[in-house]
Amino acid sequence: MIKNNYVILLCVIIVAVLLAGCTGTQSATQAVPGAGTLEAAQQTTLTLAAQWEPKSIDPPEYGYTGHRIGYTESLTGVDNEGKVIPSLATDWTMSPDGKTWTFTLREGVTFHDGTPFTAGAMKTSLERSLTKSKAFASVPIVSIETPDDQTLVVKLNKSFLILPAYLSKGEAAALSSSSWDKDGTIIKPVATGPFMFDSWKPKEEIVAVKNPEYWGKKANVDKVVYRIIPEAPTRGMLLRSGETQISVILPPDIATGFMNQPDYSVQQQSIPRVRMLTFNNNKAPFNDARVRQAVSYAIDRDALIMSVLEGIGTPGAGLFPPDSYWANKSIVPYPYNPDKARQLLAEAGWSDTNGDGILEKNGNPFKIKLLTYSERAELPPTAEVIQQQLKKVGIDMEIVTMSSASSEAIFKEGNHDIYLMGRGVLFTPDPDEIMMSDYHSSGTAKNVYGAFRWNNSRVDSLIEQARNTQDPATRKVMYDEVQSIVVEEAPVAYLNYYVNLDVTNNKVKGYVSHPSEYCYHLENVTFG
Amino acid sequence: MQAIITRRILQIIPVLIGISVITFILIALSPGDPAEISLKAILDTDSPSPEAVAQMRTEMGLDEPLHIRYFLWLARVVQGDLGYSVLTHKSTVHEVLYALPTTIFLSVLAMGISVIVAIPLGIAAAIRQNGILDHLCRLFSVLGNSIPEFFMAIVLLLIFSIHFHIFPVAGSNGIQYFILPAIVLSIGLIAITTRLMRTSMVEVLEQNYIQTARSKGLPKATVISRHAFKNALLPVMTYMGTQFGWLFGGAVVVETIFALPGLGRLTVESAISRDILVLQGCLLTFGIIFVLVNLAVDLSYIYLNPSIRYEEV
C-alpha cells in the first residue's frame, strides 16, 4: 500500500514535469519567427542562418555583414562572376598615370535617414573608413576631393589599378554621418541598401527591415533576420524546424540530407578557393616540368571528388573556378591518364630498373614527401588518395601531416617535395593580388604559396602589363594566357575548388549563392 | 560553528590566489601586447602610435619583472579592470557580464531538472531494490553517462524540435529556448545522481535507527521522509554542488550547439581567436564561480549536518 503510494507520487512528479515542459511549448511554436500564420499575414520575415559572427556593427570593422544582409552598399559592387560592377558609383575612370581616379556617383540615392547621398557624404564616410579599418592599409590614398555633388576624385601617391575592387568592400560602405556619435563611435549603420538596419543582438541575430525608398529594385520581404549559428548541424535543424528559410554553408554530409527532398533546394556554388599541390620547383625531381605534368596526369580528379568530397566539387582546371569571370574557360582539367604519366616520367629518365614497382633514376628511387595540414579536414584524406594514385605510376610518396603553423615552417625552408593546401584566390575581387604574390617571380621567390620558387619571364611580363591596363577585357586576355602557361608548365597542380552548399526552403524563391558571399541579394527573394 | 564558517571562508583565499596566478601566467606567456590591445580599444583605432604604446606599457607596468607585474595586474583585476577584447574593443568585464546570465540560467535550470528527476528516481529505485524501476534506472545511468552531449543534443533536437515541434532549435528568446539545452546538460548529472541517491538511501535504510523506527510501528512513508531522506541526501548534495562547476564546463558544448550567447561559447571563441584577455576573464569567472559554489555547499553541509555543527561547541 505504502509502496504504491510512492510509485504514484513519482508518476505525478514526472507527469507534472512533462506538463510543465509542454506549457512552455505552445508559446514556443508561436514565437518561432516567420512560422506563425498570423504574423505571416501581416508581414513577411525572411530568416537566414550563417556561422559568421560580426563582433561589431560598424562597417569599417566588420564590413561584410552589412553587404551580405543588404543594408550597406559601396561605390562598386561584385557580381556573381567575381567581376567589379557599378553600385553607388555608376562609372569611374583612371588618369593615364594611374594616380587619380574619378567616380561618378549615382543620382537620386538617399540614406536611410532621408539625407541625400552626395560626394561630400561619401568622402566623410570613406575617410572614416580609411582611419578605422585595416582593410585599406595597402591602399595609397593621399586625398579625396569632391568637385561637385556627383563626383568623387580619389588621389593616390602611386598607380593602384585595383582601387575599384578595394572600394567594393563592405569596409568602404557609404554611411550617413548620423551613423556615429560625436566621438565617431557607431550608433547604428545608416546606409543606402535595400534593407535598413534595425537591431543587433550580439552573438545571436541582426534584424533589418525593408527600405521603401531604395533607389533600385525594392525588396519583396518586409523583414530579414540574420541569425548567427556557429554549428552546422544546428543550421540544418533550423531549416527542418522552419525557424530559418535559408541556411548557408552546410558541410556535404548535412547538405546531402536535403538533396532530392520536395521541400528544400540545395545550391552548390564553387568559391574562389582552390585545393592544390604546389611542387618544390627548386629541386629534383620537380625541377623538371615533365615530372610535374606526369603527376598531374597520374591524379584522377573525379575519383578524388567522389571518395573525399562525397561527390560534391568541380575538378580543378585553372587557378579560378570555371564560373568566375577571370577563369580561362578554355582550360580543361588534366585528364586521368596514367600511361601518359609513365611515358613523361620515362622521358625524364625515370624507369623501374629493379622491378620493385618504384621508379628509379641513376639508382635513386622516386621517393618523395608530401606535406599537408590537418585544420582543413579534407586535406589529409585527399593526400591518401593521391598517394595511392601515384603509386600506380611508380612514385613512392610519404605523407606528413601537421598543424598548419608547423607545416608552414617546414615549407618556408623548402624541406618538402609537394605541399597540399587550400588557397583563396580572390581576397580582393581582382586577380592582381594573387598573380603578383603566387605566380610573378618577385612573389614566388619569397612567398611560400603558389608556384614555389618558379619563374617564367613571359608570365612576369604579362602580369606586369595587366597591372598597367585598365580595360578589364584586355586584362582578362593577359591573365588567360598566364593561366594557360601555369597549367602547361605545371608548377602547381589544381585538384578541385571549394564549394559552398546553401540550402533553402522551397517557399523561398530567387535566392542565389554568391561565390564570395559578397551579398545575399535578399531583396530579390520572395517568400510565402 | 562561527569558527568553522570563518575557517571555510578563509580557506578559499589561497585557492583564489592560485586561480589568479594561473590566469595571470596565461597572458604573460601568450603573444600579444596587452598595452596595445587596450589602446586599440580606448582610441578606437587599429594602429596606435608606438609612442602611445610605450607610454601605456609604462603605465600598466608591463616592463617590470614578472612578480611585480602580477601584483599590478591583480590590483587592476580587483578594481574590475580586466582589459579589452581584441575583437570587439569592448571591456572584458562587459563581455563576461553579457554572457554570464545565460550560462547561470542554463546551469541553474539544468541543476533544477537534475534534482527534480534524479532524487525521486533514486529513492524509488532504493525502495524497490532490483525491481523494474531499479533496473531501468541502472540502464539509464549507463546510457546517460556515456552518450556524449553533442550527440544527445542532436537526438533530442530531432525528436522534440523537428518531429514534434515542441521546442525551438536554437536561440535565446525565452525560457522555451533553454529547456532542451538544460535537459542535455542535466542528463549526465541525473545519471550519476540517481545512482548515488539510490546507494545512499539503501545504506541509510539498513541503519539500526531505521529498523527501530519501523519496529515501533511508524509507517514506511514517514520513516523514509522524516528519518531516512535527510541523512541520505547529504552525500548527494555534496556531489551535486561540486558538479555545478562541471555544468558550467558542459555549457561550452551545449551553448555552441544551441547557439546560446553564454560564457561557454565566449570561452571557446576567445580561445580560437586568441582573444587572450577575454579568455582570461572567462577562466577567472569559471574559477571564482566554482570556488563560491563549493563554499556554499560546504556551508550548507555544516548547517544540515548536526555532527559538524556541534563539533566545535
# chains A, B, ... in the order shown; residues from 1 in each chain; ligands from 1
>>> select_by_dssp(residues="stretch 23-227 of chain B", states="helix (DSSP H, G or I)", output="MDAnalysis selection string")
chainID B and resid 23:29 34:43 50:60 66:78 92:127 132:146 149:163 176:205 208:215 220:227
>>> write_last_selection(atoms="C-alpha atoms", output="short mmCIF file (atom, residue, chain, number, x, y, z; two decimals), in the first residue's frame")
data_model
loop_
_atom_site.label_atom_id
_atom_site.label_comp_id
_atom_site.auth_asym_id
_atom_site.auth_seq_id
_atom_site.Cartn_x
_atom_site.Cartn_y
_atom_site.Cartn_z
CA THR B 23 45.23 33.07 -15.28
CA PHE B 24 47.93 35.71 -14.98
CA ILE B 25 50.54 33.32 -16.34
CA LEU B 26 48.20 32.57 -19.21
CA ILE B 27 48.53 36.12 -20.55
CA ALA B 28 52.12 36.52 -19.50
CA LEU B 29 53.02 33.57 -21.74
CA PRO B 34 48.06 43.98 -23.55
CA ALA B 35 49.02 47.66 -23.75
CA GLU B 36 48.49 47.69 -27.49
CA ILE B 37 45.21 45.79 -27.19
CA SER B 38 43.93 48.26 -24.60
CA LEU B 39 44.99 51.26 -26.67
CA LYS B 40 43.25 49.90 -29.74
CA ALA B 41 40.06 49.73 -27.72
CA ILE B 42 40.44 53.05 -25.94
CA LEU B 43 41.48 55.05 -29.00
CA PRO B 50 54.42 53.29 -30.95
CA GLU B 51 54.96 56.19 -28.52
CA ALA B 52 51.45 55.78 -27.12
CA VAL B 53 52.01 52.03 -26.77
CA ALA B 54 55.31 52.63 -24.98
CA GLN B 55 53.64 55.07 -22.60
CA MET B 56 50.77 52.66 -21.96
CA ARG B 57 53.27 49.89 -21.26
CA THR B 58 54.88 52.06 -18.60
CA GLU B 59 51.50 52.98 -17.12
CA MET B 60 50.47 49.35 -16.96
CA LEU B 66 57.07 39.18 -13.63
CA HIS B 67 56.19 39.15 -9.91
CA ILE B 68 55.71 42.95 -9.79
CA ARG B 69 53.56 42.68 -12.90
CA TYR B 70 51.42 40.09 -11.16
CA PHE B 71 50.63 42.43 -8.29
CA LEU B 72 49.96 45.36 -10.59
CA TRP B 73 47.67 43.14 -12.62
CA LEU B 74 45.95 41.84 -9.50
CA ALA B 75 45.34 45.41 -8.34
CA ARG B 76 43.66 46.18 -11.67
CA VAL B 77 41.61 42.97 -11.56
CA VAL B 78 40.36 43.74 -8.06
CA THR B 92 36.43 42.05 -20.84
CA VAL B 93 34.11 42.74 -17.90
CA HIS B 94 31.42 43.87 -20.34
CA GLU B 95 31.86 40.72 -22.44
CA VAL B 96 31.76 38.38 -19.45
CA LEU B 97 28.78 40.10 -17.83
CA TYR B 98 26.92 39.95 -21.14
CA ALA B 99 27.46 36.20 -21.37
CA LEU B 100 27.20 35.21 -17.70
CA PRO B 101 23.40 35.40 -17.12
CA THR B 102 22.74 32.95 -19.97
CA THR B 103 25.12 30.37 -18.54
CA ILE B 104 23.94 30.83 -14.97
CA PHE B 105 20.32 30.48 -16.04
CA LEU B 106 21.14 27.41 -18.10
CA SER B 107 23.12 25.77 -15.30
CA VAL B 108 20.53 26.52 -12.63
CA LEU B 109 17.79 25.14 -14.86
CA ALA B 110 19.85 22.02 -15.55
CA MET B 111 20.52 21.64 -11.85
CA GLY B 112 16.81 22.07 -11.11
CA ILE B 113 15.89 19.38 -13.64
CA SER B 114 18.52 17.06 -12.18
CA VAL B 115 17.18 17.50 -8.66
CA ILE B 116 13.55 17.01 -9.70
CA VAL B 117 14.32 13.90 -11.71
CA ALA B 118 17.26 12.23 -10.00
CA ILE B 119 16.25 12.39 -6.34
CA PRO B 120 12.76 10.83 -6.63
CA LEU B 121 14.10 8.29 -9.10
CA GLY B 122 16.98 7.35 -6.79
CA ILE B 123 14.64 6.99 -3.82
CA ALA B 124 12.18 4.90 -5.77
CA ALA B 125 14.97 2.65 -7.01
CA ALA B 126 16.24 2.20 -3.44
CA ILE B 127 12.84 1.35 -2.03
CA ILE B 132 11.91 -2.98 -12.75
CA LEU B 133 12.37 0.70 -11.99
CA ASP B 134 15.73 -0.01 -10.40
CA HIS B 135 16.90 -1.86 -13.48
CA LEU B 136 15.64 0.88 -15.79
CA CYS B 137 17.46 3.48 -13.71
CA ARG B 138 20.65 1.49 -13.95
CA LEU B 139 20.32 1.27 -17.73
CA PHE B 140 19.56 4.97 -17.97
CA SER B 141 22.57 5.79 -15.80
CA VAL B 142 24.93 3.87 -18.01
CA LEU B 143 23.49 5.41 -21.18
CA GLY B 144 23.18 8.90 -19.79
CA ASN B 145 26.71 8.91 -18.59
CA SER B 146 28.25 7.50 -21.72
CA GLU B 149 26.48 15.77 -25.15
CA PHE B 150 26.63 16.82 -28.78
CA PHE B 151 25.08 13.53 -29.83
CA MET B 152 22.40 13.72 -27.17
CA ALA B 153 21.64 17.28 -28.28
CA ILE B 154 21.13 16.26 -31.88
CA VAL B 155 18.94 13.29 -30.99
CA LEU B 156 16.76 15.43 -28.72
CA LEU B 157 16.54 18.14 -31.37
CA LEU B 158 15.39 15.61 -33.93
CA ILE B 159 12.73 14.27 -31.61
CA PHE B 160 11.42 17.38 -29.86
CA SER B 161 12.08 20.15 -32.36
CA ILE B 162 11.92 18.55 -35.79
CA HIS B 163 9.41 15.75 -35.24
CA GLN B 176 11.35 27.56 -24.02
CA TYR B 177 14.70 28.05 -25.78
CA PHE B 178 16.54 26.88 -22.66
CA ILE B 179 14.68 23.68 -21.88
CA LEU B 180 16.34 21.34 -24.39
CA PRO B 181 19.85 22.63 -23.70
CA ALA B 182 19.21 22.30 -19.98
CA ILE B 183 17.98 18.72 -20.42
CA VAL B 184 21.09 17.82 -22.43
CA LEU B 185 23.27 19.42 -19.81
CA SER B 186 21.47 17.67 -16.95
CA ILE B 187 21.43 14.13 -18.32
CA GLY B 188 24.97 13.24 -17.27
CA LEU B 189 24.33 14.66 -13.83
CA ILE B 190 20.98 12.89 -13.48
CA ALA B 191 22.60 9.59 -14.43
CA ILE B 192 25.14 9.71 -11.63
CA THR B 193 22.96 11.43 -9.04
CA THR B 194 20.25 8.81 -9.39
CA ARG B 195 22.76 6.05 -8.65
CA LEU B 196 24.23 7.98 -5.77
CA MET B 197 20.84 8.73 -4.26
CA ARG B 198 19.91 5.06 -4.54
CA THR B 199 23.11 3.82 -2.92
CA SER B 200 22.94 6.39 -0.18
CA MET B 201 19.29 5.59 0.54
CA VAL B 202 19.93 1.84 0.60
CA GLU B 203 22.73 2.37 3.10
CA VAL B 204 20.61 4.55 5.35
CA LEU B 205 17.67 2.14 5.21
CA ASN B 208 19.65 0.46 13.08
CA TYR B 209 17.69 3.62 13.79
CA ILE B 210 15.57 2.97 10.71
CA GLN B 211 14.89 -0.56 11.89
CA THR B 212 13.95 0.89 15.28
CA ALA B 213 11.63 3.43 13.77
CA ARG B 214 9.97 0.78 11.67
CA SER B 215 9.61 -1.68 14.56
CA LYS B 220 7.30 3.36 5.95
CA ALA B 221 6.47 6.65 4.22
CA THR B 222 7.07 8.58 7.43
CA VAL B 223 10.28 6.71 8.13
CA ILE B 224 11.61 7.46 4.69
CA SER B 225 10.57 11.10 4.54
CA ARG B 226 11.37 12.04 8.17
CA HIS B 227 14.28 9.83 9.12
#
>>> select_by_dssp(residues="stretch 107-182 of chain A", states="strand (DSSP E or B)", output="PyMOL selection string")
chain A and resi 110+116+141-148+151-156+180
>>> write_last_selection(atoms="C-alpha atoms", output="tab-separated table (two decimals), in the first residue's frame")
chain	number	residue	atom	x	y	z
A	110	THR	CA	19.16	58.79	-50.19
A	116	PRO	CA	20.84	62.73	-49.76
A	141	ILE	CA	45.23	57.18	-50.91
A	142	VAL	CA	46.54	60.74	-50.49
A	143	SER	CA	43.35	62.74	-50.65
A	144	ILE	CA	39.68	62.62	-51.60
A	145	GLU	CA	38.18	65.60	-53.41
A	146	THR	CA	34.61	66.50	-54.31
A	147	PRO	CA	34.43	68.92	-57.25
A	148	ASP	CA	30.62	68.60	-57.23
A	151	THR	CA	31.80	63.48	-58.50
A	152	LEU	CA	34.36	61.96	-56.18
A	153	VAL	CA	38.05	62.19	-57.03
A	154	VAL	CA	40.50	59.88	-55.26
A	155	LYS	CA	44.17	60.84	-55.47
A	156	LEU	CA	46.87	58.24	-54.88
A	180	TRP	CA	28.04	57.67	-35.40
>>> residues_around(residues="A:Asn260", least_positions_apart="5", cutoff="12 Å", atoms="only C-alpha atoms", output="CSV table (one decimal) with C-alpha atoms, in the first residue's frame")
chain,number,residue,atom,x,y,z
A,255,ALA,CA,23.6,19.2,-47.2
A,265,SER,CA,16.7,23.0,-52.6
A,266,VAL,CA,20.5,22.8,-52.3
A,267,GLN,CA,22.6,25.3,-54.1
A,503,VAL,CA,20.1,25.1,-48.5
A,506,ASN,CA,11.2,25.8,-51.3
>>> closest_residue(among="A:Thr100, A:Ser247, A:Gln465, A:Gln268", to="A:Ile228", atoms="only C-alpha atoms")
A:Ser247
>>> closest_residue(among="A:Tyr226, A:Tyr166, A:Tyr498, A:Tyr64", to="chain B", atoms="only C-alpha atoms")
A:Tyr226
>>> interface_residues(of="chain B", to="chain A", cutoff="6 Å", atoms="only C-alpha atoms", output="VMD selection string")
chain B and resid 45 88 162 166 to 167 169 176 257 259 261
>>> closest_residue(among="B:Cys282, B:Leu277, B:Ile4, B:Gly287", to="B:Arg265", atoms="only C-alpha atoms")
B:Cys282
>>> residues_around(residues="A:Asp323", least_positions_apart="2", cutoff="10 Å", atoms="only C-alpha atoms", output="PyMOL selection string")
chain A and resi 80-82+269-272+320-321+325-329+515
>>> atom_distance(atom1="atom CA of B:Asp81", atom2="atom CA of B:Asp63")
18.7 Å
